[in-house]
>>> print(open('my_file.cif').read())   # mmCIF, C-alpha atoms
data_upload
loop_
_atom_site.label_atom_id
_atom_site.label_comp_id
_atom_site.auth_asym_id
_atom_site.auth_seq_id
_atom_site.Cartn_x
_atom_site.Cartn_y
_atom_site.Cartn_z
CA MET A 1 157.60 119.16 48.68
CA LYS A 2 156.46 122.63 49.68
CA ASP A 3 152.78 123.48 49.25
CA TRP A 4 153.30 126.15 46.58
CA ILE A 5 155.59 124.04 44.38
CA LYS A 6 152.93 121.48 43.38
CA PRO A 7 150.41 123.98 41.94
CA LEU A 8 153.26 125.78 40.17
CA ILE A 9 154.42 122.57 38.48
CA PHE A 10 150.89 121.52 37.53
CA GLY A 11 150.19 125.03 36.23
CA ILE A 12 153.29 125.00 34.04
CA ILE A 13 152.46 121.52 32.73
CA GLY A 14 148.88 122.63 32.03
CA GLY A 15 150.12 125.69 30.18
CA LEU A 16 152.54 123.61 28.08
CA MET A 17 149.86 121.07 27.23
CA GLY A 18 147.47 123.90 26.30
CA GLY A 19 150.15 125.44 24.10
CA MET A 20 150.87 122.08 22.41
CA LEU A 21 147.15 121.60 21.75
CA CYS A 22 146.94 125.04 20.18
CA LEU A 23 149.97 124.28 17.98
CA ALA A 24 148.29 121.06 16.86
CA ILE A 25 145.18 123.05 15.94
CA LEU A 26 147.35 125.49 14.04
CA ALA A 27 149.02 122.66 12.12
CA ILE A 28 145.69 121.03 11.24
CA THR A 29 144.13 124.30 10.10
CA TYR A 30 147.22 125.61 8.34
CA ARG A 31 145.58 125.47 4.88
CA ASN A 32 142.73 127.66 6.03
CA SER A 33 144.66 129.95 8.32
CA GLU A 34 142.66 133.04 7.47
CA VAL A 35 139.72 131.63 9.43
CA PHE A 36 141.04 129.05 11.85
CA GLY A 37 144.52 130.47 12.42
CA ASN A 38 143.20 133.54 14.16
CA VAL A 39 140.89 131.40 16.32
CA ALA A 40 143.78 129.16 17.33
CA ASP A 41 145.93 132.17 18.21
CA TRP A 42 143.19 133.54 20.42
CA VAL A 43 142.64 130.15 22.06
CA SER A 44 146.37 129.80 22.70
CA GLY A 45 146.67 133.26 24.23
CA LEU A 46 143.57 132.86 26.33
CA GLY A 47 144.70 129.46 27.59
CA SER A 48 148.10 130.79 28.60
CA VAL A 49 146.66 133.81 30.42
CA THR A 50 144.08 131.63 32.19
CA ALA A 51 146.72 129.12 33.29
CA ILE A 52 148.96 131.89 34.64
CA TYR A 53 146.03 133.49 36.49
CA PHE A 54 144.97 130.28 38.22
CA VAL A 55 148.56 129.43 39.19
CA TYR A 56 149.04 132.90 40.68
CA ARG A 57 145.72 132.73 42.51
CA GLN A 58 146.41 129.30 44.00
CA ILE A 59 149.93 130.26 45.09
CA LYS A 60 148.63 133.44 46.72
CA GLN A 61 145.85 131.58 48.57
CA GLN A 62 148.24 128.95 49.87
CA THR A 63 150.83 131.57 50.86
CA ASP A 64 148.22 133.56 52.78
CA GLN A 65 146.96 130.40 54.47
CA HIS A 66 150.51 129.34 55.34
CA ASN A 67 151.36 132.74 56.85
CA GLU A 68 148.11 132.79 58.82
CA GLU A 69 148.31 129.25 60.18
CA LYS A 70 152.03 128.60 60.51
CA GLY A 71 153.68 132.01 60.49
CA ARG A 72 153.62 132.53 64.24
CA TYR A 73 151.68 130.92 67.01
CA LEU A 74 152.14 130.84 70.77
CA GLU A 75 151.34 127.70 72.70
CA ILE A 76 151.23 128.03 76.49
CA ALA A 77 152.64 125.43 78.87
CA ILE A 78 151.51 125.36 82.49
CA GLY A 79 152.39 123.36 85.60
CA GLU A 80 152.44 123.33 89.41
CA ARG A 81 155.28 122.88 91.88
CA MET A 82 156.30 123.53 95.49
CA ILE A 83 157.65 127.00 96.17
CA ARG A 84 161.38 126.97 96.92
CA ARG A 85 162.90 129.57 99.22
CA GLN A 86 166.50 130.50 99.87
CA ASP A 87 167.66 129.80 103.41
CA ASN A 88 169.84 132.76 104.39
CA LYS A 89 171.40 130.88 107.31
CA THR A 90 172.51 127.75 105.50
CA GLY A 91 172.64 129.14 101.97
CA GLY A 92 170.58 126.20 100.77
CA VAL A 93 167.10 125.93 99.27
CA THR A 94 164.12 124.66 101.21
CA LEU A 95 160.55 123.76 100.22
CA SER A 96 158.00 126.08 101.77
CA GLY A 97 155.06 123.68 101.67
CA GLU A 98 153.14 126.14 99.45
CA THR A 99 152.35 125.63 95.77
CA GLU A 100 152.84 127.94 92.80
CA VAL A 101 151.55 127.85 89.25
CA PHE A 102 154.28 128.36 86.64
CA PHE A 103 153.92 128.86 82.91
CA PHE A 104 155.70 129.94 79.74
CA GLY A 105 154.98 130.21 76.04
CA THR A 106 156.59 128.48 73.08
CA ASN A 107 156.53 129.74 69.50
CA SER A 108 155.22 126.76 67.53
CA GLY A 109 155.06 128.73 64.27
CA MET A 110 157.70 129.10 61.60
CA MET A 111 158.58 132.78 62.04
CA PRO A 112 160.10 134.71 64.98
CA SER A 113 157.72 136.97 66.86
CA SER A 114 157.39 138.85 70.13
CA PHE A 115 154.93 138.04 72.89
CA LYS A 116 154.19 139.19 76.41
CA TYR A 117 152.33 137.81 79.38
CA ILE A 118 149.16 139.78 80.16
CA GLY A 119 147.71 138.00 83.19
CA ILE A 120 145.06 135.60 84.44
CA CYS A 121 141.30 136.08 84.10
CA ASN A 122 138.05 134.14 84.14
CA SER A 123 136.55 132.72 80.94
CA LYS A 124 134.00 135.54 80.60
CA ASP A 125 136.64 138.28 80.62
CA TYR A 126 138.84 136.25 78.28
CA LYS A 127 136.03 135.97 75.74
CA ILE A 128 135.48 139.75 75.84
CA LEU A 129 139.21 140.44 75.53
CA LYS A 130 139.59 138.03 72.61
CA GLU A 131 136.59 139.47 70.75
CA ASN A 132 137.80 143.04 71.31
CA HIS A 133 141.23 142.36 69.84
CA ASP A 134 139.87 140.31 66.93
CA LYS A 135 137.52 143.20 66.02
CA SER A 136 140.30 145.74 66.44
CA LEU A 137 142.49 143.88 63.93
CA THR A 138 139.67 144.23 61.39
CA ASP A 139 138.26 147.73 61.94
CA HIS A 140 141.30 149.31 63.70
CA LYS A 141 139.14 150.71 66.50
CA ASN A 142 139.96 150.70 70.22
CA TYR A 143 137.70 148.78 72.59
CA LYS A 144 137.61 148.86 76.38
CA ASP A 145 139.17 145.66 77.69
CA PRO A 146 138.35 144.10 81.06
CA GLU A 147 140.97 144.56 83.75
CA ILE A 148 143.20 141.50 84.01
CA SER A 149 145.57 140.92 86.92
CA SER A 150 149.15 139.83 86.28
CA PHE A 151 149.57 139.18 90.04
CA ASP A 152 152.52 141.56 90.10
CA PHE A 153 151.58 144.86 91.78
CA SER A 154 154.36 146.83 90.11
CA TYR A 155 152.88 145.99 86.70
CA ASP A 156 149.20 146.11 87.70
CA LEU A 157 149.60 149.59 89.24
CA GLY A 158 151.45 150.86 86.17
CA ALA A 159 154.76 151.44 87.93
CA LYS A 160 156.44 149.20 85.36
CA GLN A 161 155.50 148.17 81.84
CA ARG A 162 155.89 144.57 80.78
CA LYS A 163 157.92 144.42 77.58
CA PHE A 164 157.42 142.13 74.60
CA GLU A 165 159.81 139.22 74.47
CA ARG A 166 161.15 137.99 71.13
CA VAL A 167 160.68 134.24 70.78
CA LEU A 168 162.24 132.25 67.95
CA PRO A 169 160.42 129.28 66.37
CA GLY A 170 160.70 126.33 68.74
CA ASP A 171 162.04 128.52 71.55
CA VAL A 172 160.31 129.38 74.83
CA SER A 173 159.55 132.63 76.63
CA GLU A 174 160.62 133.60 80.14
CA GLU A 175 158.94 131.58 82.86
CA VAL A 176 156.38 133.29 85.11
CA ALA A 177 155.25 131.92 88.48
CA VAL A 178 152.25 132.93 90.62
CA PRO A 179 151.51 131.59 94.13
CA MET A 180 148.44 129.36 93.94
CA ILE A 181 146.92 130.91 97.05
CA SER A 182 146.91 134.30 95.29
CA ILE A 183 144.92 132.84 92.41
CA GLN A 184 142.56 131.04 94.78
CA ARG A 185 141.82 134.21 96.75
CA ASN A 186 141.36 136.36 93.65
CA PHE A 187 139.03 133.94 91.85
CA LYS A 188 137.22 132.47 94.84
CA GLY A 189 134.26 130.41 93.66
CA ASN A 190 135.48 130.38 90.05
CA CYS A 191 138.88 128.70 90.29
CA ASP A 192 138.04 125.95 87.81
CA ASN A 193 137.29 128.34 84.93
CA LEU A 194 140.41 130.44 84.36
CA TYR A 195 142.56 131.55 81.44
CA LEU A 196 146.22 132.42 81.05
CA VAL A 197 146.54 135.32 78.62
CA TYR A 198 149.39 136.34 76.32
CA MET A 199 149.49 138.83 73.44
CA ASP A 200 151.77 139.29 70.42
CA VAL A 201 153.01 142.55 68.89
CA LEU A 202 150.13 142.61 66.41
CA GLY A 203 147.56 142.55 69.21
CA VAL A 204 146.56 138.92 68.71
CA ILE A 205 145.42 137.32 71.97
CA TYR A 206 146.51 133.81 72.99
CA GLY A 207 144.99 131.96 75.91
CA ARG A 208 144.98 128.64 77.68
CA SER A 209 142.26 127.45 79.99
CA PHE A 210 143.18 125.93 83.34
CA GLY A 211 141.87 125.51 86.85
CA VAL A 212 143.12 125.28 90.43
CA PRO A 213 141.47 123.81 93.55
CA GLU A 214 139.25 126.10 95.57
CA LEU A 215 140.83 127.52 98.72
CA ASP A 216 140.31 125.39 101.78
CA GLU A 217 139.17 127.95 104.37
CA LYS A 218 139.63 125.50 107.25
CA SER A 219 143.34 125.13 106.61
CA ASN A 220 143.84 128.89 106.20
#
>>> encode(input="my_file.cif", output="structure tokens")
Amino acid sequence: MKDWIKPLIFGIIGGLMGGMLCLAILAITYRNSEVFGNVADWVSGLGSVTAIYFVYRQIKQQTDQHNEEKGRYLEIAIGERMIRRQDNKTGGVTLSGETEVFFFGTNSGMMPSSFKYIGICNSKDYKILKENHDKSLTDHKNYKDPEISSFDFSYDLGAKQRKFERVLPGDVSEEVAVPMISIQRNFKGNCDNLYLVYMDVLGVIYGRSFGVPELDEKSN
């Protein structure tokens, strides 16, 4: 049974019981209606209005909570794999011996929404970015965000703009892959404290923490 149905049913039952009680009072005090009849009428009206108010308030609170918690939410999946390259001579696919980090988002909410991949940053920059966007949703002011690399020069230099991608509930976004060595070189000394960052059309920031091994300088 849906969350809002229960309080509605209990509210209606409470209102009916209150009305029946008021009718009983009216019946008992029928002989002296000039005094008690008016009181009973007021009690009946007040009880009905109060019951309606509390039912409305509870339904509104639960609806707001439902929309906030289950309306839309992006969960980020991440993994590692060997980079595959196309062999132009044979037409086949070969493993390069290098590793890449791949990831995508899935809409685990109950409403369609649009999301886009922002990039990868350290935990400090993620905290600043998250706080900036949370404050902006409240006071509608613009805050200076830290620069976050998407590891795609065409996007990072502004030559192209990454578009929002509409994701249905239970569906997944387009997969993105970044060579691990690029992450290791960019976050040298801090590879175990990283965040993947996505954003929805309302400006809400979603992140997932992850880490990669530090770059082995001897083998490179």
>>> resolve_selection(input="my_file.cif", expression="the PyMOL selection byres ((chain A and resi 131) around 12)", output="JSON, numbers by chain")
{"A": [124, 125, 126, 127, 128, 129, 130, 132, 133, 134, 135, 136, 137, 138, 142, 143, 144, 145, 146, 203, 204, 205, 206]}
>>> residues_around(input="my_file.cif", residues="A:Phe210", least_positions_apart="4", cutoff="12 Å", atoms="all atoms listed in the file", output="mmCIF file with C-alpha atoms, keeping the file's coordinate frame")
data_model
loop_
_atom_site.group_PDB
_atom_site.id
_atom_site.type_symbol
_atom_site.label_atom_id
_atom_site.label_comp_id
_atom_site.auth_asym_id
_atom_site.auth_seq_id
_atom_site.Cartn_x
_atom_site.Cartn_y
_atom_site.Cartn_z
ATOM 1 C CA ILE A 76 151.230 128.030 76.490
ATOM 2 C CA ALA A 77 152.640 125.430 78.870
ATOM 3 C CA ILE A 78 151.510 125.360 82.490
ATOM 4 C CA GLY A 79 152.390 123.360 85.600
ATOM 5 C CA GLU A 80 152.440 123.330 89.410
ATOM 6 C CA VAL A 101 151.550 127.850 89.250
ATOM 7 C CA PHE A 102 154.280 128.360 86.640
ATOM 8 C CA PHE A 103 153.920 128.860 82.910
ATOM 9 C CA ILE A 120 145.060 135.600 84.440
ATOM 10 C CA CYS A 121 141.300 136.080 84.100
ATOM 11 C CA ASN A 122 138.050 134.140 84.140
ATOM 12 C CA SER A 123 136.550 132.720 80.940
ATOM 13 C CA ILE A 183 144.920 132.840 92.410
ATOM 14 C CA ASN A 190 135.480 130.380 90.050
ATOM 15 C CA CYS A 191 138.880 128.700 90.290
ATOM 16 C CA ASP A 192 138.040 125.950 87.810
ATOM 17 C CA ASN A 193 137.290 128.340 84.930
ATOM 18 C CA LEU A 194 140.410 130.440 84.360
ATOM 19 C CA TYR A 195 142.560 131.550 81.440
ATOM 20 C CA LEU A 196 146.220 132.420 81.050
ATOM 21 C CA VAL A 197 146.540 135.320 78.620
#
>>> resolve_selection(input="my_file.cif", expression="the PyMOL selection byres ((chain A and resi 149) around 8)", output="list of chain:residue names")
A:Ile118, A:Gly119, A:Ile120, A:Cys121, A:Glu147, A:Ile148, A:Ser150, A:Phe151, A:Asp152, A:Asp156
>>> resolve_selection(input="my_file.cif", expression="the PyMOL selection byres ((chain A and resi 96) around 6)", output="PDB file with C-alpha atoms, keeping the file's coordinate frame")
ATOM      1  CA  ILE A  83     157.650 127.000  96.170  1.00  0.00           C
ATOM      2  CA  ARG A  84     161.380 126.970  96.920  1.00  0.00           C
ATOM      3  CA  LEU A  95     160.550 123.760 100.220  1.00  0.00           C
ATOM      4  CA  GLY A  97     155.060 123.680 101.670  1.00  0.00           C
ATOM      5  CA  GLU A  98     153.140 126.140  99.450  1.00  0.00           C
TER       6      GLU A  98
END
>>> atom_distance(input="my_file.cif", atom1="atom CA of A:Met199", atom2="atom CA of A:Phe164")
8.7 Å
>>> atom_distance(input="my_file.cif", atom1="atom CA of A:Asn107", atom2="atom CA of A:Arg208")
14.2 Å
>>> atom_distance(input="my_file.cif", atom1="atom CA of A:Gln161", atom2="atom CA of A:Gly105")
18.9 Å
>>> residues_around(input="my_file.cif", residues="A:Arg166", least_positions_apart="2", cutoff="12 Å", atoms="all atoms listed in the file", output="PyMOL selection string")
chain A and resi 72+74+105-107+111-116+163-164+168-174+199-201
>>> axis_aligned_box(input="my_file.cif", around="stretch 173-178 of chain A", padding_each_side="6 Å", output="JSON")
{"center_x": 156.4, "center_y": 132.6, "center_z": 83.6, "size_x": 20.4, "size_y": 14.0, "size_z": 26.0}
>>> closest_residue(input="my_file.cif", among="A:Val167, A:Ile59, A:Met180, A:Ile52", to="A:Pro213", atoms="only C-alpha atoms")
A:Met180
